[in-house]
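Student: Before anything else, here's the structure in question.
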Amino acid sequence: MRGGRVSLDRRPVLRGIDLTVRSGEVVAVLGANGSGKSTLVRALLGLVPLSGGSTLLYGTPPPRFRQWWRIGYVPQRLSVGGGVPSTIREVVASGRIARQSRFRLTGAADAAATTRALEAVGLADRAGDPVQALSGGQQQRVLIARALAGEPDTFVMDEPTAGVDAESQQLLADTLAGLVAQGRTVVLVAHELGPLEPLVTRAVVLRDGCVCHDGAPPKAVGAHALPGHDHVHPHAPEKPAGTLDWRPTS
Amino acid sequence: MIDLLQYDFMQRALIAALLVGLAAPAIGTFIVQRRLALLGDGIGHVALTGVALGFLTGTAPVLTAVVVSVLGAVAIELVRERGRTGGDVALALLFYGGIAGGVLLISLAPGGSNATLMSYLFGSISSVTVQDVWVIAVLAAAVLGVVVVFGRELFVLCQDEEVAKASGLPVRFLSLLIAITAALTVVIAMRVVGLLLVSALMVVPVATGQQLTRGFRSTMLLAMLCGMAATVGGLTSSFYVEVPPGALIVLFALGGFVLALGLGRFVRRSRPQESN
């Protein structure tokens, strides 16, 4: 990502961020509350409009990007909507949407992928239960299963560990380990890494909307903190379009 | 039941009631999920201007109502998309404009008065013509077609708009599709329960369904069942007791909701492992 700027309500949230995520990396975006972590990953996917710079998904700007099935986005929390119940299986199966075509019925491959995803997060036996009845940790597992069901190359997870019990955290770590072993790319926002720490290959620490550390996962958050603003991405110049890429407009 | 089928007007009314009872809760499930339960009310107000415009210009009120309510629905959706700040006030302005416009235009129409609008405000199912039944059938088929073809995408959209975007779905197109489908539903339900009660058929059966079900699809199917039971039940009862069918239909739907509320409590208590 380069030169990425985002303002929400005229308040700058991200102030010129360069970040390139390469295939197979497990990137943890760390930082204090309000440092812009969530905004960063959402802006990477084009979900939040940029006020400066640009973002590329597999070398394509988001509006022209067509291979959305390659990306599995896990939002911060499950929105339970206007009160219409949905079963766990219905929500997880909806993760297949980017792979389905409008006029074709849900097929056997969709059903099989949904079942695999449910098994991976240990919710297969509760598939018919309404998601509204689940605890926070279980809802998080449903969200991850929804992304898994789409069988993407890259997972983008917004605080998958926030408010999640220890058991669900360990389960998430095991699931991620499996994905990493398959060579999938993972970008995750976290407050604390916890059991995910051994899996993370690269840490990006944000402070006040700037990258203040990019490299090996720090033992303590912010230990290698550099003064933010003019931090230059060490790998960006010589490499081709990465998985997720931000470029400056000027 | 048999004796009322020998009247032509009753046959037409029953077909119309059945179609509306089926279509309104189907799109209503998505609308409730999207927290837009009052969308139908808003469109209903705007549609009144359309009806009056029909009388003024001498065209079929149903056609002008379709055009104006679709335009209104698109306007509402665009206002909603702009953001929450001031959105509800902007919507309110549109609603009042719809009613005031309707009353003003009807007074300009030759021989038109507020009484002309009454049958549209409160419904007049027993006066539906063969042509009305055809219009209702085509529009109901369109609504159900949208639900069948776009159902999966609309489910994702109504659950979480950001996830829909990150799945590559055409979010804006789908949002407008919901609004336009809702507008069509308003027009077909207009003759059955009236513009002021249209939203009840889109919301109340869904609220009834969700008391008893655990899934989205089952809620929708049960809501459609409740919707049909209410419209047909209300219409037939009004044939025997001299009361306006529109009001009776809505009261039947509300009665079903109260029944389901009690039943739902009972069902939930019998499966305690789900309690949060």
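Letters A, B, ... mark the chains of the structure tokens in the order given; residue numbers begin at 1 per chain; ligand numbers begin at 1, in order shown.
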Skipping near chain neighbours, those fewer than 6 positions away, what residues fall within 6 Å of Gly194 in chain B using only C-alpha atoms, listed as a PyMOL selection string?
Tutor: chain B and resi 120-123
Student: Restricted to N, CA and C atoms, what would the selected residues look like written as a PDB file, in the first residue's frame?
Tutor:
ATOM      1  N   TYR B 120     -58.438   4.084  -2.236  1.00  0.00           N
ATOM      2  CA  TYR B 120     -57.030   3.717  -2.364  1.00  0.00           C
ATOM      3  C   TYR B 120     -56.314   3.736  -1.016  1.00  0.00           C
ATOM      4  N   LEU B 121     -56.763   4.617  -0.148  1.00  0.00           N
ATOM      5  CA  LEU B 121     -56.146   4.693   1.178  1.00  0.00           C
ATOM      6  C   LEU B 121     -56.495   3.475   2.022  1.00  0.00           C
ATOM      7  N   PHE B 122     -57.747   3.002   1.892  1.00  0.00           N
ATOM      8  CA  PHE B 122     -58.189   1.900   2.740  1.00  0.00           C
ATOM      9  C   PHE B 122     -58.532   0.631   1.969  1.00  0.00           C
ATOM     10  N   GLY B 123     -58.318   0.646   0.663  1.00  0.00           N
ATOM     11  CA  GLY B 123     -58.545  -0.556  -0.128  1.00  0.00           C
ATOM     12  C   GLY B 123     -59.986  -0.706  -0.546  1.00  0.00           C
TER      13      GLY B 123
END
Student: Counting only C-alpha atoms, which residues from chain A have an atom at most 7 Å from any atom of chain B, and could you show them as a PyMOL selection string?
Tutor: chain A and resi 45+47+66+68-69+73+79-87+94+97-98+102-103+129-130+133-134
Student: Can you spit out the residues from that selection as a JSON list (two decimals), in the first residue's frame, using N, CA, C and O atoms?
Tutor:
[["chain", "number", "residue", "atom", "x", "y", "z"],
["A", 45, "LEU", "N", -9.49, -3.29, 0.89],
["A", 45, "LEU", "CA", -10.46, -4.01, 0.07],
["A", 45, "LEU", "C", -11.37, -3.07, -0.70],
["A", 45, "LEU", "O", -12.24, -3.51, -1.43],
["A", 47, "LEU", "N", -13.52, -1.07, 0.72],
["A", 47, "LEU", "CA", -14.81, -0.93, 1.40],
["A", 47, "LEU", "C", -14.97, 0.47, 1.97],
["A", 47, "LEU", "O", -16.07, 0.93, 2.22],
["A", 66, "ARG", "N", -12.73, -8.29, -10.34],
["A", 66, "ARG", "CA", -13.82, -9.23, -10.59],
["A", 66, "ARG", "C", -13.65, -10.57, -9.86],
["A", 66, "ARG", "O", -14.57, -11.36, -9.80],
["A", 68, "TRP", "N", -13.62, -11.65, -6.79],
["A", 68, "TRP", "CA", -13.86, -11.50, -5.35],
["A", 68, "TRP", "C", -13.85, -12.83, -4.62],
["A", 68, "TRP", "O", -13.68, -12.86, -3.41],
["A", 69, "TRP", "N", -14.02, -13.91, -5.35],
["A", 69, "TRP", "CA", -13.98, -15.22, -4.68],
["A", 69, "TRP", "C", -12.59, -15.49, -4.11],
["A", 69, "TRP", "O", -12.41, -16.36, -3.28],
["A", 73, "TYR", "N", -13.51, -12.05, 3.44],
["A", 73, "TYR", "CA", -13.50, -10.97, 4.42],
["A", 73, "TYR", "C", -14.28, -11.39, 5.66],
["A", 73, "TYR", "O", -15.42, -11.85, 5.56],
["A", 79, "SER", "N", -23.52, -9.20, 12.11],
["A", 79, "SER", "CA", -24.65, -8.31, 12.29],
["A", 79, "SER", "C", -25.91, -9.16, 12.22],
["A", 79, "SER", "O", -26.11, -9.89, 11.27],
["A", 80, "VAL", "N", -26.71, -9.09, 13.28],
["A", 80, "VAL", "CA", -27.86, -9.99, 13.34],
["A", 80, "VAL", "C", -29.10, -9.37, 12.69],
["A", 80, "VAL", "O", -30.16, -9.94, 12.70],
["A", 81, "GLY", "N", -28.91, -8.22, 12.09],
["A", 81, "GLY", "CA", -29.95, -7.66, 11.25],
["A", 81, "GLY", "C", -31.22, -7.28, 11.99],
["A", 81, "GLY", "O", -31.22, -7.04, 13.19],
["A", 82, "GLY", "N", -32.31, -7.21, 11.27],
["A", 82, "GLY", "CA", -33.54, -6.72, 11.82],
["A", 82, "GLY", "C", -34.33, -7.74, 12.62],
["A", 82, "GLY", "O", -35.52, -7.56, 12.82],
["A", 83, "GLY", "N", -33.68, -8.81, 13.03],
["A", 83, "GLY", "CA", -34.37, -9.76, 13.88],
["A", 83, "GLY", "C", -34.91, -10.98, 13.17],
["A", 83, "GLY", "O", -35.43, -11.88, 13.81],
["A", 84, "VAL", "N", -34.79, -11.03, 11.84],
["A", 84, "VAL", "CA", -35.18, -12.25, 11.14],
["A", 84, "VAL", "C", -34.12, -13.30, 11.45],
["A", 84, "VAL", "O", -32.94, -13.05, 11.23],
["A", 85, "PRO", "N", -34.49, -14.44, 12.02],
["A", 85, "PRO", "CA", -33.47, -15.42, 12.37],
["A", 85, "PRO", "C", -32.80, -16.03, 11.12],
["A", 85, "PRO", "O", -33.40, -16.07, 10.06],
["A", 86, "SER", "N", -31.55, -16.43, 11.26],
["A", 86, "SER", "CA", -30.89, -17.20, 10.21],
["A", 86, "SER", "C", -30.18, -18.35, 10.91],
["A", 86, "SER", "O", -29.64, -18.18, 11.99],
["A", 87, "THR", "N", -30.17, -19.51, 10.27],
["A", 87, "THR", "CA", -29.45, -20.62, 10.88],
["A", 87, "THR", "C", -27.96, -20.47, 10.59],
["A", 87, "THR", "O", -27.55, -19.75, 9.69],
["A", 94, "SER", "N", -23.81, -18.71, 2.81],
["A", 94, "SER", "CA", -23.80, -17.46, 2.04],
["A", 94, "SER", "C", -22.38, -17.03, 1.68],
["A", 94, "SER", "O", -22.18, -16.18, 0.83],
["A", 97, "ILE", "N", -21.25, -17.09, -2.04],
["A", 97, "ILE", "CA", -21.93, -16.22, -2.99],
["A", 97, "ILE", "C", -21.03, -15.75, -4.14],
["A", 97, "ILE", "O", -21.46, -15.69, -5.28],
["A", 98, "ALA", "N", -19.75, -15.47, -3.82],
["A", 98, "ALA", "CA", -18.87, -14.95, -4.87],
["A", 98, "ALA", "C", -18.53, -16.02, -5.90],
["A", 98, "ALA", "O", -18.03, -15.73, -6.98],
["A", 102, "ARG", "N", -25.87, -16.27, -10.75],
["A", 102, "ARG", "CA", -27.20, -15.85, -10.34],
["A", 102, "ARG", "C", -28.31, -16.84, -10.69],
["A", 102, "ARG", "O", -29.22, -17.08, -9.92],
["A", 103, "PHE", "N", -28.23, -17.43, -11.86],
["A", 103, "PHE", "CA", -29.36, -18.23, -12.33],
["A", 103, "PHE", "C", -29.17, -19.72, -12.09],
["A", 103, "PHE", "O", -29.93, -20.54, -12.58],
["A", 129, "ASP", "N", -29.14, -24.35, 14.21],
["A", 129, "ASP", "CA", -29.49, -23.38, 15.26],
["A", 129, "ASP", "C", -29.44, -21.96, 14.71],
["A", 129, "ASP", "O", -28.65, -21.67, 13.83],
["A", 130, "PRO", "N", -30.24, -21.07, 15.26],
["A", 130, "PRO", "CA", -30.17, -19.68, 14.82],
["A", 130, "PRO", "C", -28.89, -19.00, 15.35],
["A", 130, "PRO", "O", -28.51, -19.23, 16.50],
["A", 133, "ALA", "N", -28.65, -17.02, 18.71],
["A", 133, "ALA", "CA", -28.60, -17.64, 20.03],
["A", 133, "ALA", "C", -27.17, -17.96, 20.46],
["A", 133, "ALA", "O", -26.96, -18.49, 21.54],
["A", 134, "LEU", "N", -26.18, -17.62, 19.62],
["A", 134, "LEU", "CA", -24.80, -18.02, 19.93],
["A", 134, "LEU", "C", -24.08, -16.96, 20.76],
["A", 134, "LEU", "O", -24.43, -15.79, 20.75]]
Student: So that I can see what lies close to Leu56 in chain B, please list as an MDAnalysis selection string the residues with an atom at most 7 Å from it, counting only C-alpha atoms and leaving out residues fewer than 4 positions away in the same chain.
Tutor: chainID B and resid 52 105:106 108:110
Student: Would you kindly return, as a list in words, each protein, DNA or RNA residue with an atom no farther than 8 Å from any atom of Ala92 in chain B, considering only C-alpha atoms and excluding same-chain residues fewer than 4 positions away?
Tutor: Gly42, Asp88 and Tyr96 of chain B
Student: From a DSSP pass on the backbone, collect the residues of range 34-96 of chain B flagged as helix (DSSP H, G or I) and hand them back as an MDAnalysis selection string.
Tutor: chainID B and resid 39:57 61:81 87:96
Student: Atoms to include: N, CA and C atoms. Write the selected residues as a tab-separated table (two decimals), in the first residue's frame.
Tutor:
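What landed in result13.tsv:
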chain	number	residue	atom	x	y	z
B	39	LEU	N	-40.27	1.15	5.22
B	39	LEU	CA	-40.11	1.51	3.81
B	39	LEU	C	-41.45	1.46	3.07
B	40	GLY	N	-42.23	0.39	3.35
B	40	GLY	CA	-43.51	0.23	2.68
B	40	GLY	C	-44.45	1.40	2.96
B	41	ASP	N	-44.44	1.88	4.22
B	41	ASP	CA	-45.26	3.03	4.57
B	41	ASP	C	-44.87	4.25	3.76
B	42	GLY	N	-43.56	4.48	3.67
B	42	GLY	CA	-43.06	5.64	2.93
B	42	GLY	C	-43.49	5.58	1.48
B	43	ILE	N	-43.31	4.42	0.87
B	43	ILE	CA	-43.68	4.28	-0.54
B	43	ILE	C	-45.19	4.44	-0.70
B	44	GLY	N	-45.94	3.93	0.27
B	44	GLY	CA	-47.40	4.04	0.21
B	44	GLY	C	-47.85	5.49	0.17
B	45	HIS	N	-47.22	6.32	0.98
B	45	HIS	CA	-47.56	7.75	0.99
B	45	HIS	C	-47.30	8.36	-0.38
B	46	VAL	N	-46.12	8.03	-0.93
B	46	VAL	CA	-45.74	8.61	-2.21
B	46	VAL	C	-46.68	8.11	-3.31
B	47	ALA	N	-47.10	6.85	-3.20
B	47	ALA	CA	-47.97	6.27	-4.22
B	47	ALA	C	-49.29	7.02	-4.34
B	48	LEU	N	-49.72	7.65	-3.24
B	48	LEU	CA	-50.98	8.40	-3.27
B	48	LEU	C	-50.92	9.52	-4.31
B	49	THR	N	-49.77	10.18	-4.39
B	49	THR	CA	-49.59	11.20	-5.42
B	49	THR	C	-49.76	10.58	-6.80
B	50	GLY	N	-49.22	9.37	-6.96
B	50	GLY	CA	-49.33	8.67	-8.24
B	50	GLY	C	-50.78	8.40	-8.60
B	51	VAL	N	-51.56	7.94	-7.61
B	51	VAL	CA	-52.98	7.65	-7.84
B	51	VAL	C	-53.71	8.91	-8.30
B	52	ALA	N	-53.47	10.00	-7.57
B	52	ALA	CA	-54.15	11.27	-7.90
B	52	ALA	C	-53.74	11.75	-9.28
B	53	LEU	N	-52.47	11.54	-9.61
B	53	LEU	CA	-51.96	11.94	-10.92
B	53	LEU	C	-52.70	11.19	-12.02
B	54	GLY	N	-53.02	9.93	-11.75
B	54	GLY	CA	-53.77	9.12	-12.71
B	54	GLY	C	-55.14	9.72	-12.97
B	55	PHE	N	-55.83	10.12	-11.89
B	55	PHE	CA	-57.16	10.73	-12.05
B	55	PHE	C	-57.07	12.05	-12.80
B	56	LEU	N	-56.02	12.81	-12.49
B	56	LEU	CA	-55.87	14.12	-13.10
B	56	LEU	C	-55.61	14.01	-14.60
B	57	THR	N	-54.79	13.05	-14.98
B	57	THR	CA	-54.40	12.95	-16.40
B	57	THR	C	-55.29	11.99	-17.16
B	61	PRO	N	-55.04	4.82	-12.68
B	61	PRO	CA	-54.33	5.17	-11.45
B	61	PRO	C	-53.27	4.14	-11.05
B	62	VAL	N	-53.54	2.85	-11.36
B	62	VAL	CA	-52.57	1.82	-10.99
B	62	VAL	C	-51.24	2.04	-11.72
B	63	LEU	N	-51.32	2.43	-12.99
B	63	LEU	CA	-50.10	2.65	-13.77
B	63	LEU	C	-49.31	3.84	-13.25
B	64	THR	N	-50.00	4.96	-13.02
B	64	THR	CA	-49.28	6.13	-12.51
B	64	THR	C	-48.75	5.86	-11.11
B	65	ALA	N	-49.50	5.05	-10.33
B	65	ALA	CA	-49.02	4.70	-8.99
B	65	ALA	C	-47.72	3.90	-9.09
B	66	VAL	N	-47.64	2.99	-10.06
B	66	VAL	CA	-46.41	2.20	-10.24
B	66	VAL	C	-45.24	3.14	-10.53
B	67	VAL	N	-45.45	4.04	-11.49
B	67	VAL	CA	-44.36	4.93	-11.91
B	67	VAL	C	-43.90	5.81	-10.74
B	68	VAL	N	-44.87	6.48	-10.09
B	68	VAL	CA	-44.51	7.42	-9.02
B	68	VAL	C	-43.91	6.69	-7.82
B	69	SER	N	-44.45	5.53	-7.45
B	69	SER	CA	-43.91	4.86	-6.27
B	69	SER	C	-42.53	4.27	-6.55
B	70	VAL	N	-42.28	3.85	-7.79
B	70	VAL	CA	-40.92	3.38	-8.12
B	70	VAL	C	-39.94	4.55	-8.02
B	71	LEU	N	-40.33	5.70	-8.55
B	71	LEU	CA	-39.47	6.88	-8.44
B	71	LEU	C	-39.24	7.25	-6.97
B	72	GLY	N	-40.33	7.19	-6.18
B	72	GLY	CA	-40.22	7.48	-4.75
B	72	GLY	C	-39.29	6.51	-4.05
B	73	ALA	N	-39.41	5.23	-4.39
B	73	ALA	CA	-38.58	4.21	-3.75
B	73	ALA	C	-37.10	4.44	-4.08
B	74	VAL	N	-36.83	4.80	-5.33
B	74	VAL	CA	-35.44	5.06	-5.74
B	74	VAL	C	-34.91	6.27	-4.96
B	75	ALA	N	-35.76	7.30	-4.83
B	75	ALA	CA	-35.35	8.50	-4.08
B	75	ALA	C	-35.05	8.14	-2.64
B	76	ILE	N	-35.92	7.33	-2.02
B	76	ILE	CA	-35.71	6.93	-0.62
B	76	ILE	C	-34.39	6.17	-0.49
B	77	GLU	N	-34.12	5.26	-1.42
B	77	GLU	CA	-32.90	4.46	-1.36
B	77	GLU	C	-31.67	5.35	-1.51
B	78	LEU	N	-31.73	6.32	-2.41
B	78	LEU	CA	-30.58	7.20	-2.61
B	78	LEU	C	-30.33	8.06	-1.36
B	79	VAL	N	-31.41	8.51	-0.72
B	79	VAL	CA	-31.26	9.27	0.52
B	79	VAL	C	-30.64	8.40	1.60
B	80	ARG	N	-31.11	7.16	1.70
B	80	ARG	CA	-30.60	6.23	2.71
B	80	ARG	C	-29.11	5.97	2.51
B	81	GLU	N	-28.73	5.81	1.25
B	81	GLU	CA	-27.34	5.49	0.91
B	81	GLU	C	-26.39	6.63	1.30
B	87	GLY	N	-31.07	11.50	7.32
B	87	GLY	CA	-31.75	10.59	6.41
B	87	GLY	C	-33.22	10.41	6.76
B	88	ASP	N	-33.50	10.23	8.07
B	88	ASP	CA	-34.89	9.98	8.44
B	88	ASP	C	-35.75	11.22	8.26
B	89	VAL	N	-35.16	12.37	8.45
B	89	VAL	CA	-35.91	13.61	8.23
B	89	VAL	C	-36.22	13.77	6.74
B	90	ALA	N	-35.22	13.49	5.91
B	90	ALA	CA	-35.43	13.57	4.47
B	90	ALA	C	-36.55	12.63	4.04
B	91	LEU	N	-36.57	11.44	4.64
B	91	LEU	CA	-37.63	10.48	4.32
B	91	LEU	C	-38.98	11.02	4.74
B	92	ALA	N	-39.03	11.59	5.95
B	92	ALA	CA	-40.29	12.14	6.45
B	92	ALA	C	-40.82	13.21	5.48
B	93	LEU	N	-39.92	14.05	4.98
B	93	LEU	CA	-40.35	15.10	4.05
B	93	LEU	C	-41.01	14.48	2.82
B	94	LEU	N	-40.42	13.39	2.37
B	94	LEU	CA	-40.94	12.71	1.19
B	94	LEU	C	-42.34	12.15	1.46
B	95	PHE	N	-42.52	11.58	2.67
B	95	PHE	CA	-43.82	11.00	3.03
B	95	PHE	C	-44.92	12.08	3.00
B	96	TYR	N	-44.64	13.19	3.70
B	96	TYR	CA	-45.67	14.23	3.79
B	96	TYR	C	-45.93	14.82	2.42
Student: Name the residues of range 115-218 of chain A that fall into strand (DSSP E) according to DSSP on the backbone, using the chain letters and numbers of this document, as an mmCIF file with C-alpha atoms, in the first residue's frame.
Tutor:
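Result saved to part27.cif:
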data_model
loop_
_atom_site.group_PDB
_atom_site.id
_atom_site.type_symbol
_atom_site.label_atom_id
_atom_site.label_comp_id
_atom_site.auth_asym_id
_atom_site.auth_seq_id
_atom_site.Cartn_x
_atom_site.Cartn_y
_atom_site.Cartn_z
ATOM 1 C CA THR A 154 -6.630 -14.510 0.928
ATOM 2 C CA PHE A 155 -8.351 -14.037 4.258
ATOM 3 C CA VAL A 156 -8.866 -10.547 5.627
ATOM 4 C CA MET A 157 -9.992 -10.704 9.237
ATOM 5 C CA ASP A 158 -11.026 -7.744 11.338
ATOM 6 C CA THR A 185 -2.502 -15.439 2.623
ATOM 7 C CA VAL A 186 -3.899 -13.977 5.833
ATOM 8 C CA VAL A 187 -4.232 -10.350 6.904
ATOM 9 C CA LEU A 188 -5.639 -9.972 10.371
ATOM 10 C CA VAL A 189 -6.303 -7.104 12.694
ATOM 11 C CA ARG A 202 4.953 -10.135 9.636
ATOM 12 C CA ALA A 203 3.584 -7.450 11.888
ATOM 13 C CA VAL A 204 2.441 -3.992 10.850
ATOM 14 C CA VAL A 205 2.019 -1.684 13.811
ATOM 15 C CA LEU A 206 -0.106 1.420 13.376
ATOM 16 C CA ARG A 207 0.046 4.554 15.459
ATOM 17 C CA CYS A 210 0.781 5.780 10.269
ATOM 18 C CA VAL A 211 2.816 2.624 10.082
ATOM 19 C CA CYS A 212 5.331 2.765 12.912
ATOM 20 C CA HIS A 213 6.694 -0.751 12.564
ATOM 21 C CA ASP A 214 6.715 -3.219 9.699
ATOM 22 C CA GLY A 215 8.641 -6.448 9.924
#
Student: Which residues come within 9 Å of Val20 in chain B, counting only C-alpha atoms, excluding same-chain residues fewer than 3 positions away, as number ranges by chain?
Tutor: B: 15-17, 23-25, 136-137, 140, 185, 188-189, 192, 201, 227-228, 231
Student: Take the selection from the previous step and output its residues with N, CA and C atoms, as a PDB file, in the first residue's frame.
Tutor:
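Result went into part-v7.pdb, see below:
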ATOM      1  N   ILE B  15     -58.537 -14.108  -5.678  1.00  0.00           N
ATOM      2  CA  ILE B  15     -57.273 -14.273  -6.409  1.00  0.00           C
ATOM      3  C   ILE B  15     -56.310 -13.152  -6.032  1.00  0.00           C
ATOM      4  N   ALA B  16     -56.849 -11.929  -6.027  1.00  0.00           N
ATOM      5  CA  ALA B  16     -56.001 -10.784  -5.677  1.00  0.00           C
ATOM      6  C   ALA B  16     -55.459 -10.924  -4.259  1.00  0.00           C
ATOM      7  N   ALA B  17     -56.329 -11.326  -3.333  1.00  0.00           N
ATOM      8  CA  ALA B  17     -55.921 -11.460  -1.934  1.00  0.00           C
ATOM      9  C   ALA B  17     -54.823 -12.511  -1.788  1.00  0.00           C
ATOM     10  N   ALA B  23     -46.988 -12.452  -2.059  1.00  0.00           N
ATOM     11  CA  ALA B  23     -45.861 -11.617  -2.509  1.00  0.00           C
ATOM     12  C   ALA B  23     -45.363 -10.661  -1.425  1.00  0.00           C
ATOM     13  N   ALA B  24     -46.288 -10.027  -0.683  1.00  0.00           N
ATOM     14  CA  ALA B  24     -45.864  -8.986   0.260  1.00  0.00           C
ATOM     15  C   ALA B  24     -44.927  -9.522   1.352  1.00  0.00           C
ATOM     16  N   PRO B  25     -45.236 -10.660   2.006  1.00  0.00           N
ATOM     17  CA  PRO B  25     -44.310 -11.127   3.036  1.00  0.00           C
ATOM     18  C   PRO B  25     -42.987 -11.630   2.459  1.00  0.00           C
ATOM     19  N   ILE B 136     -52.229  -7.256 -11.064  1.00  0.00           N
ATOM     20  CA  ILE B 136     -51.739  -7.784  -9.785  1.00  0.00           C
ATOM     21  C   ILE B 136     -50.963  -9.080 -10.009  1.00  0.00           C
ATOM     22  N   ALA B 137     -51.475  -9.954 -10.887  1.00  0.00           N
ATOM     23  CA  ALA B 137     -50.818 -11.245 -11.131  1.00  0.00           C
ATOM     24  C   ALA B 137     -49.429 -11.045 -11.735  1.00  0.00           C
ATOM     25  N   ALA B 140     -47.118  -9.504  -9.063  1.00  0.00           N
ATOM     26  CA  ALA B 140     -46.796 -10.487  -8.027  1.00  0.00           C
ATOM     27  C   ALA B 140     -45.775 -11.487  -8.554  1.00  0.00           C
ATOM     28  N   THR B 185     -44.790  -4.037  -4.822  1.00  0.00           N
ATOM     29  CA  THR B 185     -45.634  -4.713  -3.841  1.00  0.00           C
ATOM     30  C   THR B 185     -46.676  -3.750  -3.267  1.00  0.00           C
ATOM     31  N   ILE B 188     -49.535  -3.402  -5.713  1.00  0.00           N
ATOM     32  CA  ILE B 188     -50.482  -4.518  -5.812  1.00  0.00           C
ATOM     33  C   ILE B 188     -51.296  -4.674  -4.524  1.00  0.00           C
ATOM     34  N   ALA B 189     -50.685  -4.304  -3.395  1.00  0.00           N
ATOM     35  CA  ALA B 189     -51.425  -4.454  -2.141  1.00  0.00           C
ATOM     36  C   ALA B 189     -52.398  -3.294  -1.911  1.00  0.00           C
ATOM     37  N   VAL B 192     -55.971  -4.144  -2.169  1.00  0.00           N
ATOM     38  CA  VAL B 192     -56.441  -5.146  -1.218  1.00  0.00           C
ATOM     39  C   VAL B 192     -56.623  -4.563   0.179  1.00  0.00           C
ATOM     40  N   LEU B 201     -48.877  -5.785   5.675  1.00  0.00           N
ATOM     41  CA  LEU B 201     -48.764  -7.093   5.033  1.00  0.00           C
ATOM     42  C   LEU B 201     -47.313  -7.461   4.745  1.00  0.00           C
ATOM     43  N   GLY B 227     -49.372 -14.690   5.617  1.00  0.00           N
ATOM     44  CA  GLY B 227     -49.904 -13.617   4.784  1.00  0.00           C
ATOM     45  C   GLY B 227     -51.132 -14.073   4.016  1.00  0.00           C
ATOM     46  N   MET B 228     -51.028 -15.257   3.401  1.00  0.00           N
ATOM     47  CA  MET B 228     -52.165 -15.777   2.626  1.00  0.00           C
ATOM     48  C   MET B 228     -53.341 -16.086   3.535  1.00  0.00           C
ATOM     49  N   THR B 231     -54.994 -12.703   4.420  1.00  0.00           N
ATOM     50  CA  THR B 231     -55.747 -12.035   3.356  1.00  0.00           C
ATOM     51  C   THR B 231     -57.008 -12.815   2.998  1.00  0.00           C
TER      52      THR B 231
END
